[in-house]
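K.L.:
My file is final-v5.txt. It has compact mmCIF, C-alpha atoms:
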```
# COMPACT_ATOMS: atom_id res chain seq x y z
CA MET E 4 15.48 -49.92 22.90
CA ASP E 5 16.08 -50.93 26.51
CA PHE E 6 14.33 -53.85 28.17
CA ARG E 7 13.19 -54.37 31.75
CA TYR E 8 12.07 -57.37 33.76
CA LEU E 9 8.34 -57.48 34.39
CA GLY E 10 7.80 -57.95 38.11
CA ASN E 11 9.47 -60.83 39.88
CA SER E 12 9.66 -62.89 36.71
CA GLY E 13 12.14 -63.77 34.01
CA LEU E 14 10.09 -62.00 31.33
CA LYS E 15 11.70 -58.96 29.74
CA ILE E 16 9.63 -56.37 27.89
CA SER E 17 10.51 -53.24 25.94
CA GLU E 18 10.45 -50.24 28.28
CA ILE E 19 8.44 -48.41 25.62
CA THR E 20 5.34 -50.51 24.95
CA TYR E 21 2.85 -49.85 22.17
CA GLY E 22 -0.83 -49.68 23.17
CA ASN E 23 -3.82 -49.27 20.89
CA TRP E 24 -6.50 -47.88 23.20
CA LEU E 25 -8.65 -45.14 21.61
CA THR E 26 -6.96 -45.58 18.25
CA HIS E 27 -7.11 -48.92 16.42
CA GLY E 28 -10.56 -49.86 15.23
CA SER E 29 -11.98 -46.44 16.09
CA GLN E 30 -10.01 -43.18 15.67
CA VAL E 31 -7.41 -44.51 13.24
CA GLU E 32 -8.06 -46.26 9.94
CA ASP E 33 -6.72 -49.80 9.72
CA ASP E 34 -3.94 -49.04 7.23
CA MET E 35 -2.62 -46.22 9.41
CA ALA E 36 -2.87 -48.46 12.47
CA VAL E 37 -0.72 -51.06 10.74
CA ARG E 38 1.81 -48.38 9.81
CA CYS E 39 1.99 -47.35 13.48
CA VAL E 40 2.66 -50.95 14.54
CA ARG E 41 5.35 -51.27 11.89
CA ALA E 42 6.93 -48.03 13.15
CA ALA E 43 6.92 -49.48 16.67
CA LEU E 44 8.70 -52.61 15.48
CA ASP E 45 11.21 -50.51 13.55
CA ALA E 46 11.92 -48.53 16.74
CA GLY E 47 12.75 -51.74 18.59
CA ILE E 48 9.46 -52.04 20.48
CA THR E 49 8.59 -55.71 21.05
CA THR E 50 5.72 -55.39 23.52
CA PHE E 51 2.15 -54.65 22.45
CA ASP E 52 -0.81 -54.02 24.73
CA THR E 53 -4.51 -54.08 23.89
CA ALA E 54 -7.85 -55.14 25.42
CA ASP E 55 -10.98 -56.92 24.31
CA VAL E 56 -13.11 -53.86 25.08
CA TYR E 57 -11.16 -51.51 22.80
CA ALA E 58 -13.51 -50.83 19.88
CA ASN E 59 -15.43 -53.94 21.04
CA GLY E 60 -12.77 -56.34 19.80
CA ALA E 61 -11.76 -54.45 16.67
CA ALA E 62 -8.51 -53.20 18.23
CA GLU E 63 -7.39 -56.75 18.96
CA SER E 64 -8.24 -57.77 15.41
CA VAL E 65 -6.26 -54.89 13.90
CA LEU E 66 -3.26 -55.67 16.10
CA GLY E 67 -3.45 -59.34 15.17
CA ARG E 68 -3.35 -58.46 11.47
CA ALA E 69 -0.55 -55.94 11.96
CA LEU E 70 1.65 -58.49 13.77
CA ALA E 71 0.92 -61.34 11.39
CA GLY E 72 4.14 -62.85 10.12
CA GLU E 73 6.24 -61.62 13.04
CA ARG E 74 8.29 -64.22 14.89
CA ARG E 75 5.99 -64.96 17.85
CA GLU E 76 8.89 -65.73 20.19
CA GLY E 77 10.31 -62.27 19.55
CA ILE E 78 7.30 -60.23 20.62
CA GLU E 79 5.15 -59.93 23.74
CA ILE E 80 1.37 -59.56 23.40
CA PHE E 81 -0.75 -58.31 26.30
CA THR E 82 -4.52 -58.04 26.50
CA LYS E 83 -7.19 -57.51 29.15
CA VAL E 84 -10.62 -58.67 30.30
CA TYR E 85 -13.38 -57.08 32.42
CA PHE E 86 -15.41 -54.49 30.54
CA PRO E 87 -18.56 -55.38 28.53
CA THR E 88 -17.89 -56.91 25.11
CA GLY E 89 -19.77 -58.61 22.31
CA LEU E 90 -23.52 -58.24 22.68
CA LYS E 91 -22.93 -56.82 26.19
CA LYS E 92 -25.44 -59.09 27.86
CA HIS E 93 -25.52 -60.01 31.55
CA ASN E 94 -22.53 -62.39 31.45
CA ASP E 95 -20.52 -60.48 28.83
CA THR E 96 -18.75 -58.44 31.52
CA GLY E 97 -16.78 -58.71 34.74
CA LEU E 98 -14.29 -61.27 36.00
CA SER E 99 -16.51 -64.31 36.47
CA ARG E 100 -15.17 -67.70 35.52
CA LYS E 101 -17.58 -67.77 32.56
CA HIS E 102 -16.60 -64.38 31.18
CA ILE E 103 -12.87 -65.03 31.54
CA ARG E 104 -13.20 -68.42 29.82
CA ASP E 105 -15.16 -66.97 26.91
CA SER E 106 -13.01 -63.84 26.64
CA ILE E 107 -9.60 -65.50 26.49
CA ASP E 108 -10.68 -67.69 23.58
CA ALA E 109 -12.16 -64.73 21.71
CA SER E 110 -9.02 -62.64 22.28
CA LEU E 111 -6.78 -65.44 21.00
CA ARG E 112 -8.84 -65.69 17.80
CA ARG E 113 -8.75 -61.96 17.16
CA LEU E 114 -5.05 -61.67 17.93
CA ARG E 115 -4.22 -64.70 15.77
CA THR E 116 -2.05 -66.29 18.42
CA ASP E 117 -1.96 -69.46 20.52
CA TYR E 118 -1.13 -67.69 23.75
CA ILE E 119 -1.08 -64.31 25.49
CA ASP E 120 2.10 -63.30 27.27
CA LEU E 121 0.25 -61.26 29.90
CA TYR E 122 -3.49 -61.55 30.57
CA GLN E 123 -4.78 -58.69 32.70
CA ALA E 124 -7.83 -57.98 34.83
CA HIS E 125 -8.82 -54.63 33.37
CA ARG E 126 -10.38 -53.51 36.66
CA TYR E 127 -11.27 -55.10 40.00
CA ASP E 128 -14.65 -56.87 39.95
CA HIS E 129 -16.54 -56.13 43.16
CA GLU E 130 -19.35 -58.49 42.13
CA THR E 131 -17.26 -61.66 41.71
CA PRO E 132 -15.43 -63.39 44.58
CA LEU E 133 -11.72 -62.80 44.12
CA GLU E 134 -11.15 -66.52 44.68
CA GLU E 135 -13.28 -67.31 41.62
CA THR E 136 -11.42 -64.79 39.47
CA MET E 137 -7.98 -65.99 40.46
CA GLN E 138 -8.93 -69.65 40.02
CA ALA E 139 -10.16 -68.84 36.51
CA PHE E 140 -6.89 -67.05 35.74
CA ALA E 141 -4.95 -70.03 37.11
CA ASP E 142 -6.84 -72.31 34.74
CA VAL E 143 -6.03 -69.99 31.83
CA VAL E 144 -2.33 -70.18 32.68
CA ARG E 145 -2.32 -73.94 33.20
CA SER E 146 -4.06 -74.41 29.85
CA GLY E 147 -1.19 -72.57 28.16
CA LYS E 148 -3.43 -69.77 26.90
CA ALA E 149 -1.55 -67.16 28.96
CA LEU E 150 1.89 -67.13 30.54
CA TYR E 151 1.48 -64.52 33.27
CA ILE E 152 -1.31 -62.62 35.00
CA GLY E 153 -1.56 -58.88 35.55
CA VAL E 154 -4.16 -56.37 36.68
CA SER E 155 -5.06 -52.76 35.94
CA GLU E 156 -5.94 -49.94 38.31
CA TRP E 157 -6.05 -52.13 41.42
CA THR E 158 -5.53 -50.59 44.85
CA ALA E 159 -2.71 -51.63 47.16
CA ASP E 160 -5.07 -53.81 49.23
CA GLN E 161 -6.51 -55.47 46.12
CA LEU E 162 -3.02 -56.17 44.80
CA ARG E 163 -2.02 -57.75 48.10
CA ALA E 164 -5.09 -60.00 48.20
CA GLY E 165 -4.79 -61.03 44.54
CA HIS E 166 -1.07 -61.71 44.84
CA ALA E 167 -1.61 -63.94 47.89
CA LEU E 168 -4.21 -66.03 46.06
CA ALA E 169 -2.01 -66.27 42.98
CA GLN E 170 0.81 -67.66 45.09
CA GLU E 171 -1.53 -70.23 46.65
CA LEU E 172 -2.61 -71.29 43.16
CA GLY E 173 0.95 -71.49 41.85
CA ILE E 174 0.68 -68.71 39.25
CA GLN E 175 2.48 -65.38 38.88
CA LEU E 176 0.71 -62.05 39.23
CA ILE E 177 3.49 -59.75 38.09
CA SER E 178 2.04 -56.45 36.91
CA ASN E 179 -0.38 -53.60 37.45
CA GLN E 180 -1.42 -51.17 34.72
CA PRO E 181 -2.27 -47.79 36.21
CA GLN E 182 -2.48 -44.28 34.84
CA TYR E 183 0.74 -42.43 35.66
CA SER E 184 2.28 -39.19 34.45
CA MET E 185 3.83 -35.97 35.69
CA LEU E 186 0.27 -34.75 36.26
CA TRP E 187 -1.26 -37.96 37.69
CA ARG E 188 0.80 -39.51 40.49
CA VAL E 189 -1.83 -41.31 42.57
CA ILE E 190 0.09 -44.61 42.64
CA GLU E 191 3.17 -43.24 44.36
CA ASP E 192 1.97 -43.26 47.97
CA GLN E 193 0.48 -46.75 48.31
CA VAL E 194 0.44 -48.80 45.10
CA VAL E 195 4.14 -48.49 44.27
CA PRO E 196 5.48 -49.39 47.75
CA THR E 197 3.13 -52.38 47.96
CA SER E 198 4.06 -53.48 44.45
CA LYS E 199 7.77 -53.34 45.24
CA GLU E 200 7.17 -55.53 48.28
CA LEU E 201 5.19 -58.07 46.24
CA GLY E 202 7.41 -58.16 43.16
CA VAL E 203 4.85 -56.44 40.91
CA SER E 204 5.80 -53.94 38.19
CA GLN E 205 3.81 -51.04 36.79
CA ILE E 206 3.02 -50.82 33.07
CA VAL E 207 1.78 -47.25 32.99
CA TRP E 208 -0.76 -45.78 30.62
CA SER E 209 -1.18 -42.17 29.58
CA PRO E 210 2.41 -41.10 30.37
CA ILE E 211 1.83 -38.02 28.21
CA ALA E 212 -1.50 -37.26 29.94
CA GLN E 213 -3.57 -37.84 26.82
CA GLY E 214 -1.29 -35.51 24.86
CA ILE E 215 -1.41 -32.61 27.33
CA LEU E 216 2.30 -32.99 28.11
CA THR E 217 3.28 -32.55 24.47
CA GLY E 218 2.58 -28.84 24.95
CA LYS E 219 0.42 -28.64 21.85
CA TYR E 220 -2.57 -27.33 23.81
CA GLN E 221 -2.21 -23.62 24.45
CA PRO E 222 -3.96 -21.78 27.30
CA GLY E 223 -6.79 -19.61 26.06
CA LYS E 224 -6.86 -21.23 22.62
CA GLN E 225 -9.06 -23.85 20.98
CA PRO E 226 -7.44 -27.29 20.63
CA PRO E 227 -6.11 -28.25 17.20
CA ALA E 228 -8.86 -29.70 15.00
CA ASP E 229 -7.09 -33.02 14.57
CA SER E 230 -6.21 -33.45 18.27
CA ARG E 231 -7.63 -35.82 20.88
CA ALA E 232 -9.24 -32.89 22.73
CA ALA E 233 -11.33 -32.20 19.64
CA ASP E 234 -12.31 -35.83 19.11
CA GLU E 235 -15.97 -36.56 19.81
CA LYS E 236 -15.56 -40.36 19.82
CA GLY E 237 -14.28 -40.40 23.39
CA GLY E 238 -10.92 -38.70 23.32
CA ALA E 239 -12.27 -35.32 24.42
CA ASP E 240 -13.92 -36.85 27.49
CA MET E 241 -10.68 -38.48 28.60
CA ILE E 242 -8.62 -35.31 28.32
CA LYS E 243 -11.04 -32.72 29.70
CA ARG E 244 -9.76 -32.94 33.29
CA PHE E 245 -6.50 -31.36 32.12
CA MET E 246 -7.99 -28.84 29.69
CA ASN E 247 -7.85 -25.76 31.89
CA ASP E 248 -5.65 -22.68 31.64
CA GLU E 249 -3.86 -23.31 34.95
CA THR E 250 -2.65 -26.74 33.84
CA LEU E 251 -1.88 -25.69 30.27
CA THR E 252 0.10 -22.66 31.48
CA ALA E 253 2.16 -24.83 33.84
CA VAL E 254 2.88 -27.35 31.10
CA GLN E 255 4.34 -24.57 28.94
CA LYS E 256 6.97 -24.10 31.68
CA LEU E 257 8.27 -27.57 30.76
CA VAL E 258 9.16 -26.49 27.21
CA PRO E 259 12.57 -24.96 28.09
CA ILE E 260 13.37 -27.96 30.30
CA ALA E 261 12.81 -30.31 27.37
CA LYS E 262 14.85 -28.10 25.05
CA ASP E 263 17.76 -28.03 27.49
CA GLN E 264 17.80 -31.85 27.44
CA ASN E 265 17.49 -31.98 23.62
CA LEU E 266 14.22 -33.87 24.06
CA SER E 267 10.77 -33.37 22.63
CA MET E 268 8.06 -32.68 25.21
CA ALA E 269 6.68 -36.18 24.69
CA GLN E 270 10.11 -37.72 25.24
CA LEU E 271 10.53 -35.74 28.46
CA ALA E 272 7.16 -37.00 29.72
CA VAL E 273 7.87 -40.64 28.87
CA ALA E 274 11.39 -40.48 30.32
CA TRP E 275 9.91 -39.03 33.52
CA VAL E 276 7.67 -42.05 34.19
CA LEU E 277 10.54 -44.41 33.36
CA HIS E 278 12.71 -42.86 36.08
CA ASN E 279 10.47 -44.64 38.61
CA ASP E 280 12.22 -47.96 39.20
CA ASN E 281 8.92 -49.77 39.76
CA VAL E 282 7.82 -48.90 36.21
CA ALA E 283 8.67 -51.66 33.74
CA ALA E 284 7.20 -49.92 30.72
CA ALA E 285 5.50 -46.77 29.51
CA LEU E 286 2.53 -47.39 27.22
CA ILE E 287 2.43 -45.11 24.23
CA GLY E 288 -0.36 -44.75 21.71
CA ALA E 289 -0.29 -43.02 18.37
CA SER E 290 -2.41 -41.98 15.43
CA LYS E 291 0.63 -41.39 13.20
CA PRO E 292 3.88 -43.37 12.76
CA GLU E 293 6.04 -40.32 13.47
CA GLN E 294 4.48 -40.07 16.94
CA VAL E 295 5.64 -43.63 17.66
CA THR E 296 9.15 -42.82 16.51
CA ASP E 297 9.29 -39.67 18.64
CA ASN E 298 7.96 -41.36 21.80
CA ALA E 299 10.32 -44.29 21.39
CA GLY E 300 13.19 -41.82 21.53
CA ALA E 301 12.68 -41.67 25.31
CA ALA E 302 14.15 -45.18 25.68
CA GLY E 303 17.36 -45.19 27.69
CA ILE E 304 17.09 -41.51 28.68
CA THR E 305 18.20 -40.67 32.23
CA LEU E 306 16.93 -37.46 33.81
CA SER E 307 19.18 -35.91 36.44
CA PRO E 308 17.91 -35.00 39.93
CA ASP E 309 18.14 -31.32 38.94
CA VAL E 310 15.85 -31.91 35.94
CA LEU E 311 13.35 -33.80 38.07
CA THR E 312 13.36 -30.94 40.58
CA SER E 313 12.81 -28.40 37.80
CA ILE E 314 9.80 -30.38 36.57
CA ASP E 315 8.30 -30.46 40.06
CA GLU E 316 8.84 -26.73 40.45
CA ALA E 317 7.21 -26.01 37.10
CA LEU E 318 4.08 -28.03 37.91
CA GLY E 319 3.80 -26.97 41.55
CA ALA E 320 0.74 -28.36 43.33
CA LEU E 321 -1.04 -29.37 40.12
CA PRO E 322 -0.17 -33.10 40.04
CA GLU E 323 -2.93 -35.31 41.47
CA LYS E 324 -1.53 -37.49 44.26
CA ASP E 325 -4.62 -38.70 46.14
CA PRO E 326 -4.35 -42.54 46.37
CA GLY E 327 -8.13 -42.66 46.65
CA LYS E 328 -8.30 -41.83 42.94
CA THR E 329 -7.27 -45.43 42.19
CA SER E 330 -10.57 -47.26 41.94
CA SER E 331 -12.74 -49.65 39.94
CA PRO E 332 -16.47 -49.41 39.25
CA LYS E 333 -18.48 -50.62 42.25
CA GLU E 334 -20.90 -52.31 39.87
CA ARG E 335 -20.22 -54.01 36.57
CA LEU E 336 -20.88 -51.97 33.48
CA VAL E 337 -23.41 -53.38 31.03
```
If you convert what's in this file into structure tokens, what do you get?
P.N.:
Amino acid sequence: MDFRYLGNSGLKISEITYGNWLTHGSQVEDDMAVRCVRAALDAGITTFDTADVYANGAAESVLGRALAGERREGIEIFTKVYFPTGLKKHNDTGLSRKHIRDSIDASLRRLRTDYIDLYQAHRYDHETPLEETMQAFADVVRSGKALYIGVSEWTADQLRAGHALAQELGIQLISNQPQYSMLWRVIEDQVVPTSKELGVSQIVWSPIAQGILTGKYQPGKQPPADSRAADEKGGADMIKRFMNDETLTAVQKLVPIAKDQNLSMAQLAVAWVLHNDNVAAALIGASKPEQVTDNAGAAGITLSPDVLTSIDEALGALPEKDPGKTSSPKERLV
């Protein structure tokens, strides 16, 4: 496993990071979830990402149990706050001082730890003054409950404003967690250049485009019964934007490219996001331990310029690049 610095900080994280969105506490039974975490540790992964909203806290609890007994200094635990949790009442959402205060304590209990390495704003809260949010994060850091602050799916302007306030408050905002893959490149035009200027890294989610880039979905055919596209608990909704014959046909053109590099399709997809030097880590999820092992095989892989060109030629105009696709809900969800 290779390790990269996270933003303009001294913190190193594993460039393959294990995330448990849409799996732990919902799609995957607890014993299988623990096996996936153990497979991640066996592969050299030290960084684990979750959020309080995943399965309404259950994902954090499963991860806390799975990591119990691990040397705390040897792993990095990330979580997030913003979306409705608990009873989902009027103050159980957003980035208000109250919700952040309540949420960090609840996350620490579920994760069975005294501190979070990276505490992230899961989206931008248009209903709370940014000054209030950043002051609350500063208090979390000063209390020792989190070491660093990050965000998720913030625009370039939001990153710039948040980073400026963090500096004034004497805390470090060092990361952004956006969606990024061969098929979804909306951060490249604005978010990445701004992040490089500010000393902010990307921790990217869905590098395999919800499984589309594994090549297992065939044009004109029904998705496998045990796949995310067939899952009615939420997975199918997340993947439907890519479930069209044009995209699936183009993805099949990547198969010979992966074979030529002696990589699985998933490894090719993960290695592709890691070629971006503003990406500190690719978040992988899994429902089976062997998926973790396969994805982790992308660590340390370098793709040549010719391979990158071949990928672009195979996908053509399909990748989404509109920076306007980076956005947060205009109103809090309840």
K.L.:
With distances taken over all atoms listed in the file, which residue among E:Leu9, E:Met35, E:Val273, E:Val154 lies nearest Ser331 (chain E)?
P.N.:
E:Val154
K.L.:
Compile the contact shell of region 125-138 of chain E as a list of chain:residue names: residues with an atom at most 7 Å away, counting only C-alpha atoms, same-chain residues fewer than 4 positions apart removed.
P.N.:
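Answer for this query is E:Lys83, E:Val84, E:Tyr85, E:Gly97, E:Leu98, E:Ser99, E:Arg100, E:Asp142, E:Val154, E:Ser155, E:Glu156, E:Trp157, E:Leu168, E:Ala169, E:Ser331, E:Lys333, E:Glu334.
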K.L.:
Pick out the residues sitting within 12 Å of region 262-266 of chain E, and hand them over as a list of chain:residue names; count all atoms listed in the file, and ignore anything fewer than 5 positions along from it in its own chain.
P.N.:
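Surrounding residues, per the criterion: E:Thr217, E:Gln255, E:Lys256, E:Leu257, E:Leu271, E:Ala272, E:Val273, E:Ala274, E:Trp275, E:Asp297, E:Asn298, E:Ala299, E:Gly300, E:Ala301, E:Ala302, E:Ile304, E:Thr305, E:Leu306, E:Ser307, E:Asp309, E:Val310, E:Leu311, E:Ser313.
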K.L.:
Take CA of Gly223 (chain E) and CA of Pro322 (chain E) and report the distance between them in Å, one decimal.
P.N.:
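For CA of Gly223 (chain E) relative to CA of Pro322 (chain E), the distance reads 20.5 Å.
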K.L.:
Between E:Met4, E:Gly319, E:Gly153, E:Ile174, single out the one closest to Asp45 (chain E), counting all atoms listed in the file.
P.N.:
E:Met4
K.L.:
In Å to one decimal, how far is CA of Leu121 (chain E) from CA of Leu150 (chain E)?
P.N.:
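Spanning CA of Leu150 (chain E) to CA of Leu121 (chain E) is a straight-line distance of 6.1 Å.
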K.L.:
For Pro210 (chain E), work out the shell of residues within 8 Å, counting only C-alpha atoms and skipping chain neighbours fewer than 3 positions away, then give it as number ranges by chain.
P.N.:
E: 182-185, 207, 213, 272-273, 276, 285-287
K.L.:
Have a look at CA of Ala283 (chain E) and CA of Leu176 (chain E) and let me know their distance in Å, one decimal.
P.N.:
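About the pair CA of Ala283 (chain E) and CA of Leu176 (chain E): they are 14.2 Å apart.
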K.L.:
Could you give me, as JSON, numbers by chain, the residues within 10 Å of Val295 (chain E), counting all atoms listed in the file and dropping anything in the same chain fewer than 4 positions from it?
P.N.:
{"E": [19, 21, 38, 39, 40, 41, 42, 43, 44, 45, 46, 48, 287, 288, 289, 290, 291, 299, 300]}
K.L.:
Could you check which of E:Gln294, E:Gln161, E:Ser12, E:Asn247 is closest to Gly202 (chain E), using only C-alpha atoms?
P.N.:
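Distance minimum relative to Gly202 (chain E) lands on E:Ser12.
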K.L.:
Quick one: contact table of region 129-215 of chain E to region 111-116 of chain E, 12 Å max, nearest atom pair and distance in Å to one decimal per residue, counting all atoms listed in the file, chain and number order, as CSV?
P.N.:
```
residue,atom,partner,partner_atom,distance
E:Val143,CA,E:Leu111,CA,11.8
E:Gly147,CA,E:Leu111,CA,11.5
E:Lys148,CA,E:Leu111,CA,8.0
E:Ala149,CA,E:Leu111,CA,9.7
```
K.L.:
Looking at all atoms listed in the file, which of E:His166, E:Arg145, E:Lys219, E:Lys324 is the one that sits closest to Leu201 (chain E)?
P.N.:
E:His166
K.L.:
Which of these residues is nearest to Thr82 (chain E), using only C-alpha atoms: E:Gln180, E:Glu200, E:Asp33, E:Gly10?
P.N.:
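Ranked by minimum distance to Thr82 (chain E), first place goes to E:Gln180.
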K.L.:
Looking at E:Pro87, E:Ile103, E:Asn23, E:Ala212, which one is nearest to Ala69 (chain E), with distances taken over only C-alpha atoms?
P.N.:
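Among the listed residues, E:Asn23 lies closest to Ala69 (chain E).
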K.L.:
Please provide the set of residues having any atom within 9 Å of Ile215 (chain E), restricted to only C-alpha atoms, with same-chain residues fewer than 3 positions apart removed, written as a ChimeraX atom specification.
P.N.:
/E:211-212,218-220,242,245-246,250-251,254
K.L.:
Since we have the selection now, will you write its residues out, keeping C-alpha atoms, as a PDB file, keeping the file's coordinate frame?
P.N.:
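After the write, out-v1.pdb holds the following:
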```
ATOM      1  CA  ILE E 211       1.830 -38.020  28.210  1.00  0.00           C
ATOM      2  CA  ALA E 212      -1.500 -37.260  29.940  1.00  0.00           C
ATOM      3  CA  GLY E 218       2.580 -28.840  24.950  1.00  0.00           C
ATOM      4  CA  LYS E 219       0.420 -28.640  21.850  1.00  0.00           C
ATOM      5  CA  TYR E 220      -2.570 -27.330  23.810  1.00  0.00           C
ATOM      6  CA  ILE E 242      -8.620 -35.310  28.320  1.00  0.00           C
ATOM      7  CA  PHE E 245      -6.500 -31.360  32.120  1.00  0.00           C
ATOM      8  CA  MET E 246      -7.990 -28.840  29.690  1.00  0.00           C
ATOM      9  CA  THR E 250      -2.650 -26.740  33.840  1.00  0.00           C
ATOM     10  CA  LEU E 251      -1.880 -25.690  30.270  1.00  0.00           C
ATOM     11  CA  VAL E 254       2.880 -27.350  31.100  1.00  0.00           C
TER      12      VAL E 254
END
```
K.L.:
Could you give me the centre and size, in Å to one decimal, of an axis-aligned box around all listed atoms of region 244-262 of chain E with 5 Å added on every side, as AutoDock Vina command-line options?
P.N.:
```
--center_x 2.5 --center_y -27.8 --center_z 30.0 --size_x 34.6 --size_y 20.3 --size_z 19.9
```
